[in-house]
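Raw target.pdb, PDB, C-alpha atoms:
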```pdb
MODEL        1
ATOM      1  CA  MET A 481     -43.288  69.960   6.921
ATOM      2  CA  THR A 482     -39.773  68.738   6.353
ATOM      3  CA  ILE A 483     -39.119  65.016   6.358
ATOM      4  CA  GLY A 484     -35.599  63.646   6.750
ATOM      5  CA  ILE A 485     -34.317  61.064   4.305
ATOM      6  CA  LYS A 486     -33.997  58.459   7.051
ATOM      7  CA  GLU A 487     -37.623  58.864   8.169
ATOM      8  CA  PHE A 488     -38.894  58.782   4.561
ATOM      9  CA  THR A 489     -36.835  55.663   3.789
ATOM     10  CA  ASN A 490     -38.243  53.958   6.865
ATOM     11  CA  THR A 491     -41.827  54.745   5.801
ATOM     12  CA  THR A 492     -41.447  53.491   2.231
ATOM     13  CA  LYS A 493     -39.049  50.565   2.815
ATOM     14  CA  LYS A 494     -38.536  50.415  -0.967
ATOM     15  CA  HIS A 495     -35.384  52.446  -1.414
ATOM     16  CA  THR A 496     -32.013  52.635   0.262
ATOM     17  CA  ARG A 497     -30.880  55.881   1.784
ATOM     18  CA  GLN A 498     -28.483  56.494  -1.127
ATOM     19  CA  GLN A 499     -31.266  55.926  -3.695
ATOM     20  CA  MET A 500     -33.515  58.367  -1.853
ATOM     21  CA  THR A 501     -30.757  61.000  -1.812
ATOM     22  CA  GLN A 502     -30.373  60.674  -5.585
ATOM     23  CA  LEU A 503     -34.145  60.796  -6.122
ATOM     24  CA  ILE A 504     -34.680  63.850  -3.923
ATOM     25  CA  SER A 505     -31.870  65.760  -5.651
ATOM     26  CA  LYS A 506     -33.687  65.549  -9.018
ATOM     27  CA  PRO A 507     -35.521  68.719 -10.170
ATOM     28  CA  ASN A 508     -39.291  68.917  -9.619
ATOM     29  CA  PHE A 509     -39.253  66.101  -7.078
ATOM     30  CA  TYR A 510     -41.615  66.304  -4.154
ATOM     31  CA  VAL A 511     -42.294  63.922  -1.322
ATOM     32  CA  ARG A 512     -45.816  62.922  -0.390
ATOM     33  CA  VAL A 513     -46.111  61.172   2.925
ATOM     34  CA  HIS A 514     -49.336  61.005   4.920
ATOM     35  CA  GLY A 515     -50.874  63.910   2.995
ATOM     36  CA  PHE A 516     -47.913  66.287   3.362
ATOM     37  CA  ASN A 517     -46.039  67.542   0.337
ATOM     38  CA  LYS A 518     -43.224  69.929  -0.399
ATOM     39  CA  HIS A 519     -45.278  72.041  -2.825
ATOM     40  CA  LYS A 520     -47.931  73.294  -0.460
ATOM     41  CA  ILE A 521     -50.949  75.060  -1.930
ATOM     42  CA  THR A 522     -51.406  78.418  -0.217
ATOM     43  CA  LEU A 523     -54.047  81.131  -0.337
ATOM     44  CA  ASP A 524     -51.620  83.367  -2.215
ATOM     45  CA  LYS A 525     -51.019  80.679  -4.832
ATOM     46  CA  ILE A 526     -54.771  80.205  -5.328
ATOM     47  CA  ILE A 527     -55.308  83.948  -5.652
ATOM     48  CA  TRP A 528     -52.453  84.160  -8.161
ATOM     49  CA  ALA A 529     -53.967  81.333 -10.253
ATOM     50  CA  VAL A 530     -57.451  82.891 -10.250
ATOM     51  CA  THR A 531     -56.105  86.306 -11.264
ATOM     52  CA  LYS A 532     -54.061  84.721 -14.052
ATOM     53  CA  ILE A 533     -57.015  82.782 -15.514
ATOM     54  CA  SER A 534     -59.654  85.490 -14.971
ATOM     55  CA  GLY A 535     -57.614  88.432 -16.205
ATOM     56  CA  TYR A 536     -58.718  90.556 -13.242
ATOM     57  CA  SER A 537     -56.296  92.006 -10.729
ATOM     58  CA  GLU A 538     -56.393  90.992  -7.084
ATOM     59  CA  ARG A 539     -57.682  94.457  -6.229
ATOM     60  CA  GLU A 540     -60.589  94.086  -8.685
ATOM     61  CA  LEU A 541     -61.463  90.573  -7.491
ATOM     62  CA  PHE A 542     -61.492  91.312  -3.787
ATOM     63  CA  GLY A 543     -62.774  94.866  -3.818
ATOM     64  CA  SER A 544     -66.369  95.885  -3.210
ATOM     65  CA  ASN A 545     -67.485  95.303  -6.827
ATOM     66  CA  ARG A 546     -70.532  93.021  -7.054
ATOM     67  CA  GLU A 547     -70.513  92.623 -10.820
ATOM     68  CA  ARG A 548     -71.637  89.100 -11.696
ATOM     69  CA  GLU A 549     -68.474  87.923 -13.448
ATOM     70  CA  ILE A 550     -66.156  89.297 -10.761
ATOM     71  CA  LEU A 551     -68.351  87.784  -8.071
ATOM     72  CA  TRP A 552     -68.156  84.422  -9.832
ATOM     73  CA  TRP A 553     -64.339  84.489  -9.893
ATOM     74  CA  ARG A 554     -64.269  85.566  -6.248
ATOM     75  CA  HIS A 555     -66.456  82.604  -5.361
ATOM     76  CA  CYS A 556     -64.125  80.271  -7.290
ATOM     77  CA  ALA A 557     -61.164  81.549  -5.295
ATOM     78  CA  ALA A 558     -63.026  81.037  -2.009
ATOM     79  CA  TYR A 559     -64.123  77.523  -3.021
ATOM     80  CA  LEU A 560     -60.617  76.477  -4.045
ATOM     81  CA  ALA A 561     -59.093  78.022  -0.919
ATOM     82  CA  HIS A 562     -61.472  76.025   1.271
ATOM     83  CA  LYS A 563     -60.896  72.851  -0.753
ATOM     84  CA  HIS A 564     -57.102  72.955  -1.050
ATOM     85  CA  THR A 565     -55.896  74.652   2.125
ATOM     86  CA  GLN A 566     -56.321  74.004   5.792
ATOM     87  CA  SER A 567     -57.049  77.685   6.422
ATOM     88  CA  THR A 568     -60.061  78.600   8.505
ATOM     89  CA  LEU A 569     -63.044  80.286   6.924
ATOM     90  CA  GLN A 570     -62.160  83.444   8.864
ATOM     91  CA  ALA A 571     -58.588  83.421   7.509
ATOM     92  CA  ILE A 572     -59.807  82.914   3.944
ATOM     93  CA  GLY A 573     -62.318  85.728   4.349
ATOM     94  CA  LEU A 574     -59.719  88.111   5.746
ATOM     95  CA  ARG A 575     -57.307  87.370   2.892
ATOM     96  CA  MET A 576     -60.078  87.908   0.352
ATOM     97  CA  GLY A 577     -60.899  91.492   1.126
ATOM     98  CA  GLY A 578     -61.898  91.245   4.796
ATOM     99  CA  ARG A 579     -65.021  89.196   4.195
ATOM    100  CA  ASP A 580     -66.987  87.342   6.844
ATOM    101  CA  HIS A 581     -66.699  83.552   7.217
ATOM    102  CA  THR A 582     -70.366  83.162   6.210
ATOM    103  CA  THR A 583     -69.562  84.806   2.868
ATOM    104  CA  ILE A 584     -66.960  82.117   2.242
ATOM    105  CA  LEU A 585     -69.470  79.393   3.168
ATOM    106  CA  ASN A 586     -72.016  80.899   0.781
ATOM    107  CA  ALA A 587     -69.431  81.067  -2.031
ATOM    108  CA  LYS A 588     -68.447  77.447  -1.421
ATOM    109  CA  LYS A 589     -72.093  76.352  -1.574
ATOM    110  CA  LYS A 590     -72.758  78.247  -4.813
ATOM    111  CA  ILE A 591     -69.730  76.781  -6.538
ATOM    112  CA  GLN A 592     -70.609  73.299  -5.306
ATOM    113  CA  ASP A 593     -74.104  73.756  -6.793
ATOM    114  CA  TYR A 594     -72.516  74.620 -10.162
ATOM    115  CA  LEU A 595     -70.346  71.517  -9.947
ATOM    116  CA  ASP A 596     -73.339  69.345  -9.051
ATOM    117  CA  CYS A 597     -75.141  70.591 -12.194
ATOM    118  CA  LYS A 598     -72.153  69.296 -14.197
ATOM    119  CA  ASP A 599     -71.769  72.541 -16.165
ATOM    120  CA  MET A 600     -68.804  71.593 -18.394
ATOM    121  CA  LEU A 601     -67.638  75.163 -19.050
ATOM    122  CA  PHE A 602     -67.550  75.808 -15.335
ATOM    123  CA  ILE A 603     -65.802  72.512 -14.564
ATOM    124  CA  ASP A 604     -63.169  73.276 -17.231
ATOM    125  CA  ARG A 605     -62.452  76.679 -15.710
ATOM    126  CA  ILE A 606     -62.028  75.186 -12.245
ATOM    127  CA  LYS A 607     -59.677  72.537 -13.685
ATOM    128  CA  GLN A 608     -57.669  75.260 -15.455
ATOM    129  CA  ILE A 609     -57.132  77.015 -12.146
ATOM    130  CA  GLU A 610     -56.264  73.774 -10.351
ATOM    131  CA  THR A 611     -53.614  72.907 -12.944
ATOM    132  CA  LEU A 612     -51.794  76.137 -12.066
ATOM    133  CA  LEU A 613     -51.699  75.129  -8.406
TER
ENDMDL
END
```
What is this file in structure tokens?
Amino acid sequence: MTIGIKEFTNTTKKHTRQQMTQLISKPNFYVRVHGFNKHKITLDKIIWAVTKISGYSERELFGSNREREILWWRHCAAYLAHKHTQSTLQAIGLRMGGRDHTTILNAKKKIQDYLDCKDMLFIDRIKQIETLL
């Protein structure tokens, strides 16, 4: 979503239009208004982050392999996609190897169970992925 300088200035009422123009022109600046931001987290970005941290290729992660470690990384990707995007479960499943929406729900539940157990190694890995987003 693109927000004009005038609209953003009216919502913040802290900066003049000229100040906002100078602020927006700075590198790495992004605007957050009502939950919208310029750096949107997408499914592709999540998949890229998981492949980078895991060391597996996208093909390996979302293929038919049911090896425990690959399955775990696949579940992490599904959990993060559901958490950080507004994509439907069906869309996430299709992007992740044509899986059913119930598979994504199951992955989300399993990862949430790990988080509820407060497994620090697991929590650190999830945070590593989220920092790349």
Could you give me, as a list in words, the residues within 8 Å of Leu612 of chain A, counting all atoms listed in the file and dropping anything in the same chain fewer than 3 positions from it?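 In the requested form, the answer reads Ala529, Gln608 and Ile609 of chain A.
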Distance query segment 591-594 of chain A at most 12 Å, all atoms listed in the file, self and fewer than 2 positions along chain excluded, as a PyMOL selection string: chain A and resi 551-560+562-563+584-589+596-606
Could you state the separation of atom CA of Arg575 of chain A and atom CA of Leu523 of chain A in Å, given to one decimal place?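 Spanning atom CA of Arg575 of chain A to atom CA of Leu523 of chain A is a straight-line distance of 7.7 Å.
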Using Å and a single decimal, report how far atom CA of Thr568 of chain A sits from atom CA of Gly535 of chain A.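 Calculated distance between atom CA of Gly535 of chain A and atom CA of Thr568 of chain A is 26.7 Å.
One finds atom CA of Gln566 of chain A at 27.0 Å from atom CA of Arg546 of chain A.
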Would you list the contacts of Glu538 of chain A as an mmCIF file with C-alpha atoms, in the frame of the given file, taking every protein, DNA or RNA residue within 10 Å and counting all atoms listed in the file, but skipping same-chain residues closer than 2 positions in sequence?
```cif
data_model
loop_
_atom_site.group_PDB
_atom_site.id
_atom_site.type_symbol
_atom_site.label_atom_id
_atom_site.label_comp_id
_atom_site.auth_asym_id
_atom_site.auth_seq_id
_atom_site.Cartn_x
_atom_site.Cartn_y
_atom_site.Cartn_z
ATOM 1 C CA ILE A 527 -55.308 83.948 -5.652
ATOM 2 C CA TRP A 528 -52.453 84.160 -8.161
ATOM 3 C CA VAL A 530 -57.451 82.891 -10.250
ATOM 4 C CA THR A 531 -56.105 86.306 -11.264
ATOM 5 C CA LYS A 532 -54.061 84.721 -14.052
ATOM 6 C CA GLY A 535 -57.614 88.432 -16.205
ATOM 7 C CA TYR A 536 -58.718 90.556 -13.242
ATOM 8 C CA GLU A 540 -60.589 94.086 -8.685
ATOM 9 C CA LEU A 541 -61.463 90.573 -7.491
ATOM 10 C CA PHE A 542 -61.492 91.312 -3.787
ATOM 11 C CA GLY A 543 -62.774 94.866 -3.818
ATOM 12 C CA ARG A 554 -64.269 85.566 -6.248
ATOM 13 C CA MET A 576 -60.078 87.908 0.352
ATOM 14 C CA GLY A 577 -60.899 91.492 1.126
#
```
Determine the nearest neighbour of Thr522 of chain A from the options A:Gly578, A:Ser544, A:Ser534, A:Leu613, counting all atoms listed in the file. A:Leu613
